[in-house]
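Student: Please read through the structure below; I'll follow up with questions.
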Amino acid sequence: MGKAGTPLELSLDEPVMLDIEMEAREDIPAELEAFVRLARLGRIENALDWYGKCLQRRERMFPVLAEYAEMLLQEGLHDKLVDLLDDTNANSVTALHDTNSTEVSQLLKFMRILAIIRWKGMPPGEKLSTAMKCWDYLKEICVGKVDQRQQLSPVQIHMVEVYLGIAVEAFDSDLSRERNKFTNPPWTPPGSPRWTGFCAWYTELRKQGLHWQAQKIQGILLPVVEFEVAMNTLIRRDQFAAVAKDIAEQHFDESLVITELIASNSICEYLMQRTPPSIILAEAYLKASHSLKQVLSQHISVEDVEHARTLLRVDEL
């Protein structure tokens, strides 16, 4: 120990490791949950303020960085996301609990690739080859687990979603049948039609109760799949079964209601933008959105009701 009155000496030649358990004892899960809630409600300015006050100093901890990066990606703040990840050494990000640090690093790389493609663009050849490399990595880490009917980890599920975004950017206008496999997850049977493997993945996520993750897959797929495929897989008669069951049992799951409201809004918008528009079906989903908004409004603050973009969107449709 150092002498009384003298500072503890640290060797600057050795990396200084933070006491992660001490950090975790602070209320990170609650603070992160509050940030995610604000982001999903569409209260982005409030989410950013909350992040700056409560979470920014911990952004090198994986769940914090991932959720912040996801919000930037969803909001189209691609330049900020690229700057964030360029300033972050992926190897220095702390993955809590049993999260695979290598996969965390790869997820961040996937997110950076997608942000660059959407922000600056990428030469077609480079974009295709980059997407193929991402697909190859997913094949390496996921196919064995899927074949053995093991569930993917949260990081792997997130990586599949980000890859889908990359694949849509790279392959939606690419009609080469030789590259069709890259429009589906690596575990999809050979010869499957474009995007159908991801439609099946959407269904699987819902079966697992991962409604938020499924909703994000749905939102990416709706603009690129054939209408018949969308109607058979992404626009489902049982879309709101879980919410209806909760309401019938007088149980309120705010996250689930927000998720299904976002999905209903997206489906309604998709149906209205078709040529010709599917008016009757769109009206049915608009009615569902109003119902979900009403349910939310009974349980959240007046401020949320008045400022949450997710709720305000219902009146814009």
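Chain lettering (A, B, ...) mirrors the order of the structure tokens, residue numbering begins at 1 for each chain separately, and ligand numbering begins at 1 in order of display.
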Show which residues sit within 12 Å of A:Gln294, as a list in words. Count only C-alpha atoms, and ignore same-chain residues fewer than 2 positions away.
Tutor: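 Answer for this query is Val257, Ile258, Leu261, Lys287, Ala288, Ser289, His290, Ser291, Leu292, Leu296, Ser297, Gln298, His299, Ile300, Val305, Leu311, Leu312, Val314 and Asp315 of chain A.
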Student: Just want the 12 Å neighbourhood of A:Gln208, counted on only C-alpha atoms, with same-chain residues fewer than 6 positions away dropped. Output as a ChimeraX atom specification.
Tutor: /A:150-152,157,201-202,214,242
Student: Print the selection's residues with N, CA, C and O atoms to a file, as a compact mmCIF listing (two decimals), in the first residue's frame.
Tutor:
# COMPACT_ATOMS: atom_id res chain seq x y z
N GLN A 150 -30.98 -24.26 -31.20
CA GLN A 150 -30.62 -23.40 -30.08
C GLN A 150 -30.99 -21.96 -30.43
O GLN A 150 -30.87 -21.54 -31.58
N GLN A 151 -31.41 -21.21 -29.44
CA GLN A 151 -31.75 -19.82 -29.69
C GLN A 151 -30.48 -18.98 -29.84
O GLN A 151 -29.49 -19.21 -29.15
N LEU A 152 -30.54 -18.03 -30.75
CA LEU A 152 -29.42 -17.11 -30.90
C LEU A 152 -29.37 -16.18 -29.69
O LEU A 152 -30.37 -15.91 -29.04
N ILE A 157 -28.94 -11.93 -32.53
CA ILE A 157 -30.24 -11.51 -33.08
C ILE A 157 -30.14 -10.08 -33.61
O ILE A 157 -30.64 -9.76 -34.70
N TRP A 201 -37.87 -15.71 -40.33
CA TRP A 201 -37.18 -15.29 -39.11
C TRP A 201 -38.06 -14.34 -38.30
O TRP A 201 -38.11 -14.42 -37.07
N TYR A 202 -38.78 -13.46 -38.98
CA TYR A 202 -39.75 -12.58 -38.30
C TYR A 202 -40.78 -13.41 -37.53
O TYR A 202 -41.08 -13.15 -36.36
N ALA A 214 -38.86 -8.49 -33.67
CA ALA A 214 -39.65 -8.87 -34.84
C ALA A 214 -40.17 -7.64 -35.57
O ALA A 214 -40.17 -7.57 -36.81
N ALA A 242 -51.13 -10.94 -28.81
CA ALA A 242 -50.48 -10.84 -27.50
C ALA A 242 -51.00 -9.64 -26.72
O ALA A 242 -51.28 -9.74 -25.51
Student: Assign secondary structure with DSSP using the backbone only, and return the residues of stretch 54-225 of chain A in helix (DSSP H, G or I) as an NGL selection string.
Tutor: :A and (54-58 or 62-74 or 78-86 or 90-92 or 101-119 or 124-147 or 154-171 or 177-183 or 196-207 or 211-221)
Student: Which of these, A:Ile235, A:Cys199, A:Ala69, A:Leu164, has the shortest distance to A:Ala263 once you count only C-alpha atoms?
Tutor: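 Answer, going by the shortest atom-to-atom distance: A:Ile235.
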Student: Hey, what's within 10 Å of stretch 78-88 of chain A if we count only C-alpha atoms and toss same-chain stuff fewer than 6 positions away? As a PyMOL selection string, please?
Tutor: chain A and resi 59-60+65+68-72+108-109+111-120
Student: For A:Gly121, which residue among A:Glu169, A:Glu31, A:Glu254, A:Asp304 is the nearest when counting only C-alpha atoms?
Tutor: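 Using only C-alpha atoms, A:Gly121 sits closest to A:Glu169.
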Student: So, with only C-alpha atoms as the atoms that count, which of A:Thr233, A:Asn265, A:Gln273, A:Gln215 lies closest to A:Gly197?
Tutor: A:Thr233
Student: May I ask which of the residues A:Ala170, A:Thr102, A:Leu256, A:Pro185 is the closest one to A:Leu138, counting only C-alpha atoms?
Tutor: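 Among the listed residues, A:Pro185 lies closest to A:Leu138.
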Student: Near A:Val224, counting only C-alpha atoms, which residues have an atom at most 10 Å away, once you skip same-chain residues fewer than 6 positions from it, shown as a PyMOL selection string?
Tutor: chain A and resi 168+172-173+194-195+230
Student: Keeping N, CA, C and O atoms, export the residues of the selection given above as an mmCIF file, in the first residue's frame.
Tutor:
data_model
loop_
_atom_site.group_PDB
_atom_site.id
_atom_site.type_symbol
_atom_site.label_atom_id
_atom_site.label_comp_id
_atom_site.auth_asym_id
_atom_site.auth_seq_id
_atom_site.Cartn_x
_atom_site.Cartn_y
_atom_site.Cartn_z
ATOM 1 N N VAL A 168 -30.509 -5.288 -47.722
ATOM 2 C CA VAL A 168 -31.493 -4.531 -48.505
ATOM 3 C C VAL A 168 -30.787 -3.446 -49.314
ATOM 4 O O VAL A 168 -31.081 -3.237 -50.498
ATOM 5 N N ASP A 172 -31.146 -5.330 -52.959
ATOM 6 C CA ASP A 172 -32.537 -5.141 -53.385
ATOM 7 C C ASP A 172 -32.639 -4.893 -54.882
ATOM 8 O O ASP A 172 -33.564 -5.365 -55.540
ATOM 9 N N SER A 173 -31.694 -4.158 -55.439
ATOM 10 C CA SER A 173 -31.720 -3.877 -56.879
ATOM 11 C C SER A 173 -30.798 -4.801 -57.664
ATOM 12 O O SER A 173 -30.657 -4.655 -58.877
ATOM 13 N N ARG A 194 -36.104 -14.766 -52.659
ATOM 14 C CA ARG A 194 -35.511 -13.618 -51.975
ATOM 15 C C ARG A 194 -36.357 -13.165 -50.792
ATOM 16 O O ARG A 194 -37.574 -13.082 -50.887
ATOM 17 N N TRP A 195 -35.707 -12.909 -49.680
ATOM 18 C CA TRP A 195 -36.259 -12.330 -48.460
ATOM 19 C C TRP A 195 -37.172 -13.267 -47.672
ATOM 20 O O TRP A 195 -37.573 -12.934 -46.556
ATOM 21 N N ALA A 230 -45.869 -10.239 -48.168
ATOM 22 C CA ALA A 230 -46.158 -9.403 -46.999
ATOM 23 C C ALA A 230 -47.471 -9.816 -46.348
ATOM 24 O O ALA A 230 -47.566 -9.934 -45.118
#
Student: Could you pull the residues within 7 Å of A:Cys268, counting only C-alpha atoms, minus those fewer than 5 positions along the same chain, as a CSV table (one decimal) with N, CA and C atoms, in the first residue's frame?
Tutor:
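result-v3.csv written:
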chain,number,residue,atom,x,y,z
A,282,ALA,N,-56.0,-0.7,-44.8
A,282,ALA,CA,-55.3,0.4,-44.1
A,282,ALA,C,-56.2,1.0,-43.1
A,285,TYR,N,-56.1,-1.1,-39.9
A,285,TYR,CA,-54.9,-1.0,-39.1
A,285,TYR,C,-54.9,0.4,-38.5
A,286,LEU,N,-55.4,1.4,-39.2
A,286,LEU,CA,-55.5,2.7,-38.5
A,286,LEU,C,-56.4,2.7,-37.3
Student: Hey, which of A:Cys142, A:Ala248, A:Leu32, A:Val160 ends up closest to A:Phe62? Count only C-alpha atoms.
Tutor: A:Leu32
Student: So which residues touch A:Lys139 within 12 Å, counting only C-alpha atoms, skipping near sequence neighbours fewer than 6 positions away, as a compact mmCIF listing (two decimals) with N, CA and C atoms, in the first residue's frame?
Tutor:
# COMPACT_ATOMS: atom_id res chain seq x y z
N MET A 132 -21.46 -9.52 -48.42
CA MET A 132 -21.16 -10.95 -48.46
C MET A 132 -20.28 -11.37 -47.30
N LYS A 133 -19.31 -10.54 -46.94
CA LYS A 133 -18.44 -10.85 -45.81
C LYS A 133 -19.25 -10.87 -44.51
N LYS A 145 -25.95 -23.14 -34.37
CA LYS A 145 -26.95 -23.01 -33.30
C LYS A 145 -28.36 -23.23 -33.84
N VAL A 146 -28.65 -22.65 -35.01
CA VAL A 146 -29.98 -22.81 -35.59
C VAL A 146 -30.23 -24.27 -35.96
N ASP A 147 -29.22 -24.92 -36.54
CA ASP A 147 -29.36 -26.33 -36.92
C ASP A 147 -29.63 -27.21 -35.70
N GLN A 156 -26.43 -11.76 -31.31
CA GLN A 156 -26.55 -12.39 -32.62
C GLN A 156 -27.86 -12.00 -33.30
N MET A 159 -27.43 -8.64 -34.62
CA MET A 159 -26.55 -8.66 -35.79
C MET A 159 -27.31 -9.10 -37.04
N VAL A 160 -28.21 -10.07 -36.89
CA VAL A 160 -29.02 -10.51 -38.03
C VAL A 160 -29.88 -9.36 -38.54
N TYR A 163 -27.67 -6.89 -40.34
CA TYR A 163 -27.29 -7.46 -41.64
C TYR A 163 -28.43 -7.32 -42.65
N LYS A 181 -28.85 -16.00 -52.29
CA LYS A 181 -28.70 -16.54 -50.93
C LYS A 181 -28.39 -15.45 -49.92
N PHE A 182 -27.79 -14.36 -50.38
CA PHE A 182 -27.42 -13.29 -49.46
C PHE A 182 -28.62 -12.44 -49.05
N ASN A 184 -31.21 -13.80 -47.73
CA ASN A 184 -31.82 -14.61 -46.68
C ASN A 184 -30.78 -14.90 -45.60
N PRO A 185 -31.21 -15.25 -44.40
CA PRO A 185 -30.24 -15.65 -43.37
C PRO A 185 -29.45 -16.87 -43.83
N PRO A 186 -28.24 -17.06 -43.33
CA PRO A 186 -27.38 -18.16 -43.81
C PRO A 186 -27.95 -19.55 -43.58
N TRP A 187 -28.88 -19.69 -42.66
CA TRP A 187 -29.45 -21.02 -42.39
C TRP A 187 -30.66 -21.34 -43.27
N THR A 188 -31.02 -20.44 -44.17
CA THR A 188 -32.16 -20.66 -45.05
C THR A 188 -31.84 -21.74 -46.08
Student: As a short mmCIF file (atom, residue, chain, number, x, y, z; two decimals) with C-alpha atoms, in the first residue's frame, please: the residues near A:Ala131 (cut-off 7 Å, only C-alpha atoms, same-chain neighbours under 4 positions excluded).
Tutor:
data_model
loop_
_atom_site.label_atom_id
_atom_site.label_comp_id
_atom_site.auth_asym_id
_atom_site.auth_seq_id
_atom_site.Cartn_x
_atom_site.Cartn_y
_atom_site.Cartn_z
CA LYS A 127 -21.06 -2.74 -51.10
CA TRP A 135 -23.22 -12.87 -44.35
CA ILE A 166 -27.14 -4.01 -45.15
CA ALA A 167 -28.55 -6.70 -47.46
CA ALA A 170 -26.76 -4.07 -51.28
#
Student: Please report the interatomic distance between atom CA of A:Ser266 and atom CA of A:Gly219 in Å with one decimal.
Tutor: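 Atom-to-atom, atom CA of A:Ser266 to atom CA of A:Gly219, that is 6.8 Å.
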Student: Which residue gives the smallest distance to A:Ser264 among A:Arg236, A:Arg40, A:Lys245, A:Lys53, with only C-alpha atoms counted?
Tutor: A:Arg236
Student: So what do you get for atom CA of A:Glu103 versus atom CA of A:Leu128, distance-wise?
Tutor: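 Value for the atom CA of A:Glu103-atom CA of A:Leu128 distance: 21.7 Å.
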